[in-house]
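Remarks on the structure that follows.
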Protein chains: 2
Amino acid sequence: MPKQIITDLNTRYTTKKYDANKRISDDDLAIIKEALRLSPSSINSQPWKFIIVASDEAKQRLHDTYANKHQFNQPHAKEASHTLLLAYNPYYTKEDHYRKVVDAEVSSGHLPSEMYDDFYNGAYTFAEANTDESGFNGHWTKAQVYIALGNIMHTLARLGIHSTPMEGVDPEMIAEQFKDELGGYVCEVALAMGYPLESEDYNYGKPKARLALEEVVTVI
Amino acid sequence: MPKQIITDLNTRYTTKKYDANKRISDDDLAIIKEALRLSPSSINSQPWKFIIVASDEAKQRLHDTYANKHQFNQPHAKEASHTLLLAYNPYYTKEDHYRKVVDAEVSSGHLPSEMYDDFYNGAYTFAEANTDESGFNGHWTKAQVYIALGNIMHTLARLGIHSTPMEGVDPEMIAEQFKDELGGYVCEVALAMGYPLESEDYNYGKPKARLALEEVVTVI
């Protein structure tokens with residue numbers, strides 16, 4: 001199994017052309033959704049919304065967000081099986097957002113109810129340390145979303161589903177097209193998901209181009 | 001296998017007490033290092049250094065960084081098998097850093113050499129868009145490090161190794177104690193890794209406390 005981990009990570013790559021006829025199964029989609037939900041985050045804050053673009057109507061909206069920028073990613077909007085929009089809460093608050101988490105800590109049986117206040121107040125100091133005077137803590141919440149991104153890319157590799165992480169999106173257009181779904185959360189990164197059209201995907205089957213181990217990892 | 005993904009993610013948790021007598025094997029450590037190296041990042045920037053604290057001498061230095069803050073995490077420094085320091089480059093540059101990546105793109109056989117300049121200049125616009133007038137792009141590079149964090153937490157879950165993600169570190173003290181290894185990179189998050197002392201770990205075996213699926217995932 002350990003070697004399978006490396007095989008999986010070596011096999012995943014950034015797909016550049018999708019086969020529009022292949023669709024992620026409902027079973028796999030259920031795994032993807034649950035894996036997103038189970039992503040870890042600082043103080044279990046879960047300051048995120050994950051929107052999965054699945055229908056033709058939603059794909060058209062996503063397509064339209066590439067009108068001004070990053071048109072090289074536009075084809076994925078309709079050709080990928082699904083696209084995941086990963087959004088962070090730029091103004092995460094204790095009362096409106098963290099309270100729900102601590103409620104879940106207790107209702108799940110994870111946290112003893114007599115610890116509620118200690119946890120609610122104690123853990124939240126991490127959020128406070130990352131919140132500016134305007135209430136903005138989007139650098140911190142965005143970083144948490146990238147944990148979920150790393151987690152879901154690993155998950156997809158295990159499922160044999162390919163993907164395209166895209167900072168090449170237009171956050172303003174996404175905010176406009178997906179206003180109702182985002183509810184004020186900010187999407188600056190998305191992940192197209194599906195199956196490559198191998199014969200037309202110039203990135204398919206290429207060797208990984210990572211820096212040497214000794215450049216990035218030091219054991220002391 | 002798909003169900004194993006959910007089992008793995010449900011089994012991982014934030015360890016609060018390590019068994020100081022149990023050590024990650026060399027084989028598993030090799031997987032961890034390679035999985036870190038294979039982590040994806042925007043434009044394959046790899047703007048990171050990963051430092052694995054393994055020796056008693058390095059553990060003592062890590063221990064000492066908890067002198068002023070977050071003392072609840074201090075025991076992990078010596079009791080966990082290893083601690084991973086994840087550091088980002090706050091001033092990632094095209095000439096000093098991205099050039100190495102594009103060199104690896106070509107030498108690995110991933111990128112045709114005639115594409116060198118197109119890739120080097122084209123892809124780097126993503127970094128430029130995230131760089132301020134002082135050259136700081138640490139919000140962007142830090143986010144990439146959190147992809148690696150999500151990837152490695154998933155990897156550890158597969159290996160049956162437990163861990164403790166810690167924003168509860170003292171970046172200033174770490175910068176001082178690990179000055180030589182960091183070379184100006186910034187560590188604001190670390191990951192203790194090892195095996196729990198189950199009988200003394202209040203977090204062990206508890207149910208997950210995540211928000212409900214419909215709170216965080218929307219399929220449209």
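Residue numbering restarts at 1 for every chain of the structure tokens, chains are lettered A, B, ... in their displayed order, and ligands are numbered from 1 as they appear.
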
- request: Within 6 Å of chain A, which residues of chain B are there when counting only C-alpha atoms? Please give them as a ChimeraX atom specification.
  value: /B:49-54,104-105,108,110,143,146-147,150-151,206-207,209,216-220

Only C-alpha atoms, please: the residues just picked out, written as a compact mmCIF listing (two decimals), in the first residue's frame.
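Contents of the output file out-v4.txt:
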# COMPACT_ATOMS: atom_id res chain seq x y z
CA LYS B 49 10.79 24.07 2.37
CA PHE B 50 9.87 21.10 4.51
CA ILE B 51 12.02 20.49 7.57
CA ILE B 52 11.60 17.22 9.41
CA VAL B 53 12.65 17.42 13.04
CA ALA B 54 13.98 13.96 13.84
CA ALA B 104 13.15 20.95 -13.91
CA GLU B 105 10.19 21.10 -16.30
CA SER B 108 12.46 15.97 -16.53
CA HIS B 110 7.80 17.32 -19.06
CA ALA B 143 -1.63 29.00 0.47
CA TYR B 146 -1.43 24.42 2.78
CA ILE B 147 -2.02 22.23 -0.29
CA GLY B 150 -3.67 18.72 3.07
CA ASN B 151 -1.83 16.25 0.90
CA LYS B 206 -13.84 10.53 19.27
CA PRO B 207 -16.44 10.99 16.52
CA ALA B 209 -17.33 17.00 14.49
CA VAL B 216 -20.73 23.02 3.10
CA VAL B 217 -21.35 21.26 -0.21
CA THR B 218 -23.84 22.34 -2.88
CA VAL B 219 -24.30 20.50 -6.18
CA ILE B 220 -25.77 22.68 -8.89

task: as a PyMOL selection string, list the residues of stretch 33-218 of chain A assigned to strand (DSSP E or B) by DSSP on the backbone atoms of this structure.
output: chain A and resi 48-53+82-88+162-166+186-194+196+217-218

May I have chain A as a short mmCIF file (atom, residue, chain, number, x, y, z; two decimals) with C-alpha atoms, in the first residue's frame, after a least-squares superposition on chain B that uses all C-alpha atoms paired in order?
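Output below, filename result-v7.cif:
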data_model
loop_
_atom_site.label_atom_id
_atom_site.label_comp_id
_atom_site.auth_asym_id
_atom_site.auth_seq_id
_atom_site.Cartn_x
_atom_site.Cartn_y
_atom_site.Cartn_z
CA MET A 1 -11.17 1.06 -2.09
CA PRO A 2 -13.45 4.14 -2.31
CA LYS A 3 -14.86 3.37 1.13
CA GLN A 4 -11.30 3.10 2.44
CA ILE A 5 -10.85 6.78 1.57
CA ILE A 6 -13.66 7.75 3.91
CA THR A 7 -12.44 5.33 6.56
CA ASP A 8 -8.98 6.89 6.38
CA LEU A 9 -10.34 10.43 6.67
CA ASN A 10 -12.61 9.48 9.52
CA THR A 11 -9.76 7.76 11.35
CA ARG A 12 -7.35 10.67 11.17
CA TYR A 13 -7.71 13.15 14.03
CA THR A 14 -5.64 15.66 15.95
CA THR A 15 -3.50 13.70 18.36
CA LYS A 16 -3.10 15.32 21.77
CA LYS A 17 -0.66 12.90 23.39
CA TYR A 18 2.09 10.91 21.70
CA ASP A 19 3.75 7.69 22.68
CA ALA A 20 7.37 8.78 22.90
CA ASN A 21 8.53 5.20 22.43
CA LYS A 22 7.05 4.71 18.98
CA ARG A 23 8.90 5.90 15.96
CA ILE A 24 7.95 6.27 12.30
CA SER A 25 9.85 3.69 10.25
CA ASP A 26 12.44 4.69 7.69
CA ASP A 27 10.27 3.21 4.95
CA ASP A 28 7.31 5.35 5.94
CA LEU A 29 9.53 8.39 6.30
CA ALA A 30 10.70 7.90 2.74
CA ILE A 31 7.05 7.86 1.60
CA ILE A 32 6.33 11.03 3.57
CA LYS A 33 9.27 12.86 2.03
CA GLU A 34 8.38 11.83 -1.49
CA ALA A 35 4.69 12.64 -0.97
CA LEU A 36 5.67 16.14 0.17
CA ARG A 37 7.87 16.56 -2.87
CA LEU A 38 5.04 15.47 -5.16
CA SER A 39 2.53 17.95 -3.68
CA PRO A 40 0.87 20.07 -6.35
CA SER A 41 1.17 23.87 -6.33
CA SER A 42 0.07 26.76 -8.53
CA ILE A 43 2.18 26.94 -11.71
CA ASN A 44 4.20 24.12 -10.13
CA SER A 45 5.90 26.86 -8.10
CA GLN A 46 6.86 24.65 -5.14
CA PRO A 47 7.55 27.76 -3.03
CA TRP A 48 8.32 25.74 0.06
CA LYS A 49 10.79 24.07 2.36
CA PHE A 50 9.85 21.09 4.51
CA ILE A 51 12.00 20.50 7.56
CA ILE A 52 11.59 17.22 9.40
CA VAL A 53 12.64 17.42 13.04
CA ALA A 54 13.98 13.96 13.85
CA SER A 55 17.02 14.12 16.14
CA ASP A 56 17.06 14.80 19.85
CA GLU A 57 19.09 17.93 19.20
CA ALA A 58 16.51 19.32 16.74
CA LYS A 59 13.65 18.30 19.02
CA GLN A 60 15.24 20.28 21.84
CA ARG A 61 15.38 23.34 19.61
CA LEU A 62 11.73 22.86 18.66
CA HIS A 63 10.83 22.42 22.32
CA ASP A 64 12.54 25.72 23.08
CA THR A 65 10.42 27.58 20.52
CA TYR A 66 7.39 27.04 22.76
CA ALA A 67 8.90 29.11 25.58
CA ASN A 68 6.49 32.02 25.11
CA LYS A 69 3.41 30.74 23.35
CA HIS A 70 1.19 27.74 22.75
CA GLN A 71 2.76 25.68 25.49
CA PHE A 72 -0.02 23.11 25.12
CA ASN A 73 1.78 21.95 21.97
CA GLN A 74 5.22 21.86 23.60
CA PRO A 75 5.11 18.20 24.72
CA HIS A 76 4.70 17.06 21.11
CA ALA A 77 8.14 18.47 20.29
CA LYS A 78 9.83 15.66 22.19
CA GLU A 79 7.10 13.02 22.37
CA ALA A 80 6.03 12.89 18.73
CA SER A 81 8.19 10.70 16.53
CA HIS A 82 8.91 13.56 14.13
CA THR A 83 7.61 17.07 13.56
CA LEU A 84 7.31 18.56 10.11
CA LEU A 85 7.90 22.30 9.76
CA LEU A 86 6.18 23.62 6.65
CA ALA A 87 7.68 26.89 5.45
CA TYR A 88 6.83 29.25 2.59
CA ASN A 89 8.95 31.65 0.65
CA PRO A 90 7.56 35.15 1.36
CA TYR A 91 9.50 36.69 -1.54
CA TYR A 92 9.30 34.18 -4.34
CA THR A 93 11.02 35.52 -7.44
CA LYS A 94 11.05 34.62 -11.07
CA GLU A 95 14.81 34.62 -11.56
CA ASP A 96 15.91 32.99 -8.31
CA HIS A 97 13.08 30.53 -7.73
CA TYR A 98 10.83 29.98 -10.71
CA ARG A 99 13.75 29.49 -13.07
CA LYS A 100 14.72 26.34 -11.14
CA VAL A 101 11.19 24.99 -11.61
CA VAL A 102 11.20 25.62 -15.35
CA ASP A 103 14.66 24.04 -15.58
CA ALA A 104 13.16 20.94 -13.91
CA GLU A 105 10.18 21.08 -16.30
CA VAL A 106 12.58 20.73 -19.21
CA SER A 107 15.17 18.39 -17.70
CA SER A 108 12.47 15.96 -16.54
CA GLY A 109 11.10 15.71 -20.05
CA HIS A 110 7.81 17.32 -19.06
CA LEU A 111 8.21 20.52 -21.07
CA PRO A 112 9.71 20.67 -24.58
CA SER A 113 12.77 22.93 -24.43
CA GLU A 114 11.44 25.19 -27.19
CA MET A 115 8.55 26.06 -24.85
CA TYR A 116 10.88 27.27 -22.09
CA ASP A 117 10.36 31.00 -22.49
CA ASP A 118 6.63 30.80 -23.13
CA PHE A 119 6.14 28.79 -19.97
CA TYR A 120 8.58 30.79 -17.84
CA ASN A 121 6.98 34.10 -18.77
CA GLY A 122 3.39 32.97 -19.23
CA ALA A 123 2.90 30.92 -16.10
CA TYR A 124 4.73 33.42 -13.93
CA THR A 125 2.00 36.00 -14.48
CA PHE A 126 0.07 34.10 -11.77
CA ALA A 127 2.85 34.83 -9.29
CA GLU A 128 3.07 38.45 -10.42
CA ALA A 129 -0.65 38.92 -9.86
CA ASN A 130 -0.06 37.88 -6.24
CA THR A 131 3.06 39.98 -5.60
CA ASP A 132 2.89 43.43 -4.06
CA GLU A 133 5.15 46.39 -4.78
CA SER A 134 7.63 45.27 -2.09
CA GLY A 135 7.99 41.87 -3.75
CA PHE A 136 5.98 40.13 -1.02
CA ASN A 137 3.84 37.24 -2.23
CA GLY A 138 3.64 35.31 1.02
CA HIS A 139 -0.15 35.06 1.07
CA TRP A 140 0.01 33.19 -2.21
CA THR A 141 3.01 31.01 -1.37
CA LYS A 142 1.60 30.21 2.07
CA ALA A 143 -1.63 29.00 0.46
CA GLN A 144 0.42 26.60 -1.67
CA VAL A 145 2.03 25.22 1.48
CA TYR A 146 -1.44 24.42 2.78
CA ILE A 147 -2.02 22.24 -0.29
CA ALA A 148 1.03 20.26 0.79
CA LEU A 149 -0.38 20.15 4.32
CA GLY A 150 -3.68 18.72 3.07
CA ASN A 151 -1.82 16.26 0.89
CA ILE A 152 0.46 15.04 3.66
CA MET A 153 -2.34 14.69 6.22
CA HIS A 154 -4.15 12.46 3.73
CA THR A 155 -0.91 10.54 3.13
CA LEU A 156 -0.37 9.99 6.85
CA ALA A 157 -3.96 8.77 7.23
CA ARG A 158 -3.23 6.12 4.60
CA LEU A 159 -0.05 5.11 6.42
CA GLY A 160 -1.85 4.81 9.78
CA ILE A 161 0.41 7.50 11.21
CA HIS A 162 -1.29 10.08 13.40
CA SER A 163 -0.59 13.77 13.46
CA THR A 164 -1.26 17.18 14.99
CA PRO A 165 -1.53 20.17 12.68
CA MET A 166 -0.32 23.20 14.63
CA GLU A 167 -0.85 26.83 13.77
CA GLY A 168 -0.07 26.99 17.47
CA VAL A 169 3.60 27.62 16.90
CA ASP A 170 5.76 30.68 17.44
CA PRO A 171 7.01 31.77 14.01
CA GLU A 172 9.53 34.23 15.46
CA MET A 173 11.12 31.63 17.74
CA ILE A 174 11.14 29.08 14.93
CA ALA A 175 12.82 31.62 12.65
CA GLU A 176 15.50 32.05 15.30
CA GLN A 177 16.04 28.39 16.22
CA PHE A 178 15.92 27.10 12.64
CA LYS A 179 17.51 30.08 10.91
CA ASP A 180 20.06 28.03 9.00
CA GLU A 181 17.57 25.47 7.75
CA LEU A 182 14.85 27.99 6.82
CA GLY A 183 17.08 30.34 4.85
CA GLY A 184 14.53 33.14 5.12
CA TYR A 185 11.46 30.98 4.50
CA VAL A 186 8.65 31.39 7.05
CA CYS A 187 7.15 28.62 9.15
CA GLU A 188 3.72 29.41 10.56
CA VAL A 189 2.39 25.87 10.65
CA ALA A 190 3.85 22.55 11.75
CA LEU A 191 2.68 18.97 11.88
CA ALA A 192 3.65 16.64 14.71
CA MET A 193 3.63 13.02 13.52
CA GLY A 194 3.75 9.69 15.27
CA TYR A 195 1.60 7.34 17.31
CA PRO A 196 -0.80 8.28 20.08
CA LEU A 197 -0.54 7.23 23.68
CA GLU A 198 -4.16 6.26 23.47
CA SER A 199 -4.89 6.00 27.19
CA GLU A 200 -3.80 9.62 27.76
CA ASP A 201 -5.06 11.18 24.54
CA TYR A 202 -8.43 12.81 25.23
CA ASN A 203 -8.99 13.29 21.51
CA TYR A 204 -8.44 9.66 20.55
CA GLY A 205 -11.35 7.67 19.17
CA LYS A 206 -13.86 10.53 19.27
CA PRO A 207 -16.44 11.01 16.52
CA LYS A 208 -15.71 13.62 13.88
CA ALA A 209 -17.33 17.00 14.49
CA ARG A 210 -17.89 18.36 11.01
CA LEU A 211 -20.70 20.56 9.79
CA ALA A 212 -23.48 18.76 7.91
CA LEU A 213 -22.86 18.02 4.25
CA GLU A 214 -25.62 20.40 3.14
CA GLU A 215 -23.97 23.24 5.07
CA VAL A 216 -20.74 23.03 3.10
CA VAL A 217 -21.35 21.27 -0.23
CA THR A 218 -23.85 22.33 -2.90
CA VAL A 219 -24.30 20.51 -6.19
CA ILE A 220 -25.79 22.69 -8.92
#

Using DSSP on the backbone, list every residue of chain A that comes out as alpha helix (DSSP H), and give them as a CSV table (one decimal) with C-alpha atoms, in the first residue's frame.
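File written: states_8.csv
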chain,number,residue,atom,x,y,z
A,2,PRO,CA,2.7,2.6,0.8
A,3,LYS,CA,4.0,2.4,-2.7
A,4,GLN,CA,0.5,2.9,-4.0
A,5,ILE,CA,0.6,6.3,-2.4
A,6,ILE,CA,3.5,7.4,-4.5
A,7,THR,CA,2.0,5.8,-7.6
A,8,ASP,CA,-1.2,7.7,-7.0
A,9,LEU,CA,0.7,11.0,-6.6
A,10,ASN,CA,2.8,10.4,-9.6
A,11,THR,CA,-0.2,9.5,-11.7
A,26,ASP,CA,-22.7,9.0,-8.4
A,27,ASP,CA,-20.8,6.7,-6.1
A,28,ASP,CA,-17.5,8.6,-6.7
A,29,LEU,CA,-19.3,11.9,-6.3
A,30,ALA,CA,-20.5,10.8,-2.9
A,31,ILE,CA,-17.0,10.0,-1.9
A,32,ILE,CA,-15.8,13.4,-3.2
A,33,LYS,CA,-18.4,15.3,-1.2
A,34,GLU,CA,-17.7,13.4,2.0
A,35,ALA,CA,-14.0,13.8,1.6
A,36,LEU,CA,-14.4,17.5,1.2
A,37,ARG,CA,-16.6,17.6,4.3
A,56,ASP,CA,-25.6,22.1,-18.1
A,57,GLU,CA,-27.1,25.2,-16.8
A,58,ALA,CA,-24.4,25.7,-14.1
A,59,LYS,CA,-21.7,24.8,-16.6
A,60,GLN,CA,-22.9,27.5,-18.9
A,61,ARG,CA,-22.6,30.0,-16.1
A,62,LEU,CA,-19.1,28.8,-15.3
A,63,HIS,CA,-18.2,29.0,-19.0
A,64,ASP,CA,-19.4,32.6,-19.0
A,74,GLN,CA,-12.8,27.9,-20.5
A,75,PRO,CA,-13.2,24.6,-22.3
A,76,HIS,CA,-13.0,22.7,-19.1
A,77,ALA,CA,-16.2,24.4,-17.9
A,78,LYS,CA,-18.3,22.3,-20.3
A,79,GLU,CA,-15.9,19.4,-21.1
A,99,ARG,CA,-20.6,28.8,17.1
A,100,LYS,CA,-22.0,26.3,14.6
A,101,VAL,CA,-18.7,24.4,14.7
A,102,VAL,CA,-18.7,24.2,18.5
A,103,ASP,CA,-22.4,23.2,18.4
A,104,ALA,CA,-21.3,20.3,16.1
A,105,GLU,CA,-18.4,19.5,18.4
A,106,VAL,CA,-20.9,18.9,21.3
A,107,SER,CA,-23.8,17.3,19.3
A,116,TYR,CA,-18.3,24.4,25.4
A,117,ASP,CA,-17.2,27.8,26.6
A,118,ASP,CA,-13.6,26.9,27.1
A,119,PHE,CA,-13.3,25.6,23.6
A,120,TYR,CA,-15.4,28.3,22.0
A,121,ASN,CA,-13.4,31.1,23.5
A,122,GLY,CA,-10.0,29.4,23.7
A,123,ALA,CA,-9.7,28.0,20.2
A,124,TYR,CA,-11.2,31.1,18.6
A,125,THR,CA,-8.1,33.1,19.7
A,126,PHE,CA,-6.4,31.5,16.6
A,127,ALA,CA,-9.0,33.2,14.4
A,128,GLU,CA,-8.7,36.5,16.2
A,138,GLY,CA,-9.6,35.9,4.4
A,139,HIS,CA,-5.9,35.1,4.2
A,140,TRP,CA,-6.3,32.7,7.1
A,141,THR,CA,-9.6,31.2,5.8
A,142,LYS,CA,-8.3,30.9,2.3
A,143,ALA,CA,-5.3,28.9,3.5
A,144,GLN,CA,-7.7,26.5,5.1
A,145,VAL,CA,-9.5,26.0,1.8
A,146,TYR,CA,-6.1,25.0,0.3
A,147,ILE,CA,-5.9,22.2,2.8
A,148,ALA,CA,-9.2,21.0,1.4
A,149,LEU,CA,-7.8,21.4,-2.1
A,150,GLY,CA,-4.7,19.3,-1.2
A,151,ASN,CA,-7.0,16.7,0.4
A,152,ILE,CA,-9.4,16.4,-2.5
A,153,MET,CA,-6.6,16.2,-5.1
A,154,HIS,CA,-5.2,13.3,-3.2
A,155,THR,CA,-8.7,11.8,-2.9
A,156,LEU,CA,-9.2,12.1,-6.7
A,157,ALA,CA,-5.9,10.5,-7.4
A,158,ARG,CA,-7.0,7.5,-5.3
A,159,LEU,CA,-10.3,7.3,-7.3
A,171,PRO,CA,-13.2,35.7,-9.0
A,172,GLU,CA,-15.3,38.8,-9.8
A,173,MET,CA,-17.2,37.0,-12.6
A,174,ILE,CA,-17.7,33.9,-10.4
A,175,ALA,CA,-19.0,36.2,-7.6
A,176,GLU,CA,-21.6,37.5,-10.1
A,177,GLN,CA,-22.6,34.3,-11.7
A,179,LYS,CA,-23.9,35.0,-6.1
A,180,ASP,CA,-26.7,33.0,-4.7
A,181,GLU,CA,-24.7,29.9,-4.0
A,182,LEU,CA,-21.6,31.7,-2.6
A,213,LEU,CA,14.2,16.0,-2.8
A,214,GLU,CA,17.2,17.7,-1.3
A,215,GLU,CA,16.0,21.1,-2.5
A,216,VAL,CA,12.8,20.9,-0.6
